[in-house]
Amino acid sequence: MVAASVLPQRPADRPLVMGVVNVTPDSFSDGGLFFDATAAVAHGRELVGQGADIIDIGGESTRPGAGRPTVQEEIRRVIPVVEGLADTGVWISVDTMRSEVAQAAVDSGARIINDVSGGLADLRMTSVAARTGAGFVVMHWRGHSHDMQTRAVYGDVTADVCRELADQVGAALDAGVRREQIVIDPGLGFAKTGEQNWVLLQHLSAFQDMQLPVLVGASRKSFLARVGSRDGGPVPAEQRDFATAAVSVVLAQSDVWAIRVHDVRSTFAACDVVTHLREAAQ
């Protein structure tokens, strides 16, 4: 059972920083650099050393078009890394859409379930969240990676995403998940066009108005591929940390609960800029 403190407290001067550890052979952001459990644990410890408040461990790539590992394979990838980082003192989050993986991760020391499907891919997920008392990230989602971009059709993207997220939160509450466990995520890059992602970033206040902690993950995503490009070509994913840091400035100014990133150092720099500007304004 997860401890009584369901979610980490956001510092007064900045969002929490969630560092990403992808234990997959086909990650869009690092190409499987940390697929080996030993390498993944070492990377997680490096992120902790850089100040990450939360480490988010995932064993399934959710890039557009990605295939899915078996449940057993996902557990094999994730659990040794959860166990290897459990003694670091930071909050461990498991990035999974499968209830079996979530349960095994919580049993091994994870305290947050980060479900990019928000409980829609596996209807038993909300029961696991309710039973364990773990923090539960509910992300806006319309389908699996193989066809999600065909579903990026909205009347008003901000209003539609807020409404669908509210329905997902309602389903979690109906399943017994407590409101204080829940974090919402607008799901940038998931069934969203590049333009729609920018619109959602422009209207973050609509998600804040839902009166729940807001997590945003823009790090290295494809809608940033031409930010900073001067030759018209796409910037490779592993070189998008400059653009990600710029977005993190916007997120820090918007007072979101947490920012999910691959590069922790540049995110802290972005948050520090906002803090110094606010101090200067006073």
# chains A, B, ... in the order shown; residues from 1 in each chain; ligands from 1

call {"tool": "select_by_dssp", "arguments": {"residues": "range 80-248 of chain A", "states": "alpha helix (DSSP H)", "output": "VMD selection string"}}
result
chain A and resid 80 to 85 99 to 107 125 to 132 157 to 174 194 to 202 204 to 208 241 to 248

call {"tool": "closest_atom_pairs", "arguments": {"of": "range 192-235 of chain A", "to": "range 108-123 of chain A", "cutoff": "12 Å", "atoms": "only C-alpha atoms", "output": "tab-separated table"}}
result
residue	atom	partner	partner_atom	distance
A:Leu215	CA	A:Asn114	CA	10.1
A:Val216	CA	A:Val116	CA	11.5
A:Gly217	CA	A:Val116	CA	10.7

call {"tool": "atom_distance", "arguments": {"atom1": "CA of Ser5 in chain A", "atom2": "CA of Ala172 in chain A"}}
result
19.0 Å

call {"tool": "closest_residue", "arguments": {"among": "A:Pro25, A:Gly170, A:Asp185, A:Ser99", "to": "Ala66 in chain A", "atoms": "only C-alpha atoms"}}
result
A:Pro25

call {"tool": "decode", "arguments": {"residues": "range 198-219 of chain A", "atoms": "N, CA and C atoms", "output": "PDB file, in the first residue's frame"}}
result
ATOM      1  N   TRP A 198       0.112  23.323 -29.794  1.00  0.00           N
ATOM      2  CA  TRP A 198       0.395  24.727 -29.461  1.00  0.00           C
ATOM      3  C   TRP A 198      -0.837  25.414 -28.888  1.00  0.00           C
ATOM      4  N   VAL A 199      -2.002  25.087 -29.422  1.00  0.00           N
ATOM      5  CA  VAL A 199      -3.244  25.679 -28.889  1.00  0.00           C
ATOM      6  C   VAL A 199      -3.443  25.267 -27.432  1.00  0.00           C
ATOM      7  N   LEU A 200      -3.207  24.002 -27.119  1.00  0.00           N
ATOM      8  CA  LEU A 200      -3.368  23.534 -25.744  1.00  0.00           C
ATOM      9  C   LEU A 200      -2.377  24.225 -24.809  1.00  0.00           C
ATOM     10  N   LEU A 201      -1.142  24.420 -25.256  1.00  0.00           N
ATOM     11  CA  LEU A 201      -0.173  25.140 -24.439  1.00  0.00           C
ATOM     12  C   LEU A 201      -0.608  26.581 -24.207  1.00  0.00           C
ATOM     13  N   GLN A 202      -1.232  27.178 -25.202  1.00  0.00           N
ATOM     14  CA  GLN A 202      -1.700  28.553 -25.076  1.00  0.00           C
ATOM     15  C   GLN A 202      -2.864  28.657 -24.091  1.00  0.00           C
ATOM     16  N   HIS A 203      -3.578  27.552 -23.874  1.00  0.00           N
ATOM     17  CA  HIS A 203      -4.780  27.572 -23.032  1.00  0.00           C
ATOM     18  C   HIS A 203      -4.641  26.657 -21.816  1.00  0.00           C
ATOM     19  N   LEU A 204      -3.470  26.652 -21.214  1.00  0.00           N
ATOM     20  CA  LEU A 204      -3.251  25.818 -20.032  1.00  0.00           C
ATOM     21  C   LEU A 204      -4.181  26.182 -18.884  1.00  0.00           C
ATOM     22  N   SER A 205      -4.626  27.422 -18.845  1.00  0.00           N
ATOM     23  CA  SER A 205      -5.508  27.844 -17.750  1.00  0.00           C
ATOM     24  C   SER A 205      -6.802  27.043 -17.733  1.00  0.00           C
ATOM     25  N   ALA A 206      -7.230  26.543 -18.892  1.00  0.00           N
ATOM     26  CA  ALA A 206      -8.455  25.746 -18.939  1.00  0.00           C
ATOM     27  C   ALA A 206      -8.286  24.456 -18.141  1.00  0.00           C
ATOM     28  N   PHE A 207      -7.080  23.903 -18.140  1.00  0.00           N
ATOM     29  CA  PHE A 207      -6.819  22.685 -17.368  1.00  0.00           C
ATOM     30  C   PHE A 207      -6.645  23.020 -15.887  1.00  0.00           C
ATOM     31  N   GLN A 208      -6.025  24.155 -15.611  1.00  0.00           N
ATOM     32  CA  GLN A 208      -5.914  24.592 -14.221  1.00  0.00           C
ATOM     33  C   GLN A 208      -7.291  24.800 -13.605  1.00  0.00           C
ATOM     34  N   ASP A 209      -8.241  25.240 -14.425  1.00  0.00           N
ATOM     35  CA  ASP A 209      -9.602  25.489 -13.935  1.00  0.00           C
ATOM     36  C   ASP A 209     -10.310  24.203 -13.509  1.00  0.00           C
ATOM     37  N   MET A 210      -9.770  23.050 -13.856  1.00  0.00           N
ATOM     38  CA  MET A 210     -10.375  21.786 -13.450  1.00  0.00           C
ATOM     39  C   MET A 210     -10.054  21.449 -11.989  1.00  0.00           C
ATOM     40  N   GLN A 211      -9.230  22.282 -11.362  1.00  0.00           N
ATOM     41  CA  GLN A 211      -8.945  22.167  -9.926  1.00  0.00           C
ATOM     42  C   GLN A 211      -8.305  20.830  -9.556  1.00  0.00           C
ATOM     43  N   LEU A 212      -7.399  20.392 -10.418  1.00  0.00           N
ATOM     44  CA  LEU A 212      -6.588  19.204 -10.158  1.00  0.00           C
ATOM     45  C   LEU A 212      -5.149  19.520 -10.547  1.00  0.00           C
ATOM     46  N   PRO A 213      -4.172  18.854  -9.939  1.00  0.00           N
ATOM     47  CA  PRO A 213      -2.778  19.073 -10.351  1.00  0.00           C
ATOM     48  C   PRO A 213      -2.614  18.764 -11.837  1.00  0.00           C
ATOM     49  N   VAL A 214      -1.817  19.579 -12.521  1.00  0.00           N
ATOM     50  CA  VAL A 214      -1.618  19.423 -13.967  1.00  0.00           C
ATOM     51  C   VAL A 214      -0.166  19.038 -14.246  1.00  0.00           C
ATOM     52  N   LEU A 215       0.001  17.926 -14.952  1.00  0.00           N
ATOM     53  CA  LEU A 215       1.294  17.467 -15.447  1.00  0.00           C
ATOM     54  C   LEU A 215       1.331  17.694 -16.953  1.00  0.00           C
ATOM     55  N   VAL A 216       2.445  18.217 -17.463  1.00  0.00           N
ATOM     56  CA  VAL A 216       2.572  18.428 -18.905  1.00  0.00           C
ATOM     57  C   VAL A 216       3.878  17.807 -19.383  1.00  0.00           C
ATOM     58  N   GLY A 217       3.792  17.038 -20.468  1.00  0.00           N
ATOM     59  CA  GLY A 217       4.970  16.435 -21.081  1.00  0.00           C
ATOM     60  C   GLY A 217       5.103  16.868 -22.526  1.00  0.00           C
ATOM     61  N   ALA A 218       5.962  17.848 -22.764  1.00  0.00           N
ATOM     62  CA  ALA A 218       6.230  18.301 -24.133  1.00  0.00           C
ATOM     63  C   ALA A 218       7.590  17.838 -24.616  1.00  0.00           C
ATOM     64  N   SER A 219       8.386  17.269 -23.737  1.00  0.00           N
ATOM     65  CA  SER A 219       9.798  17.029 -23.976  1.00  0.00           C
ATOM     66  C   SER A 219      10.093  16.252 -25.260  1.00  0.00           C
TER      67      SER A 219
END
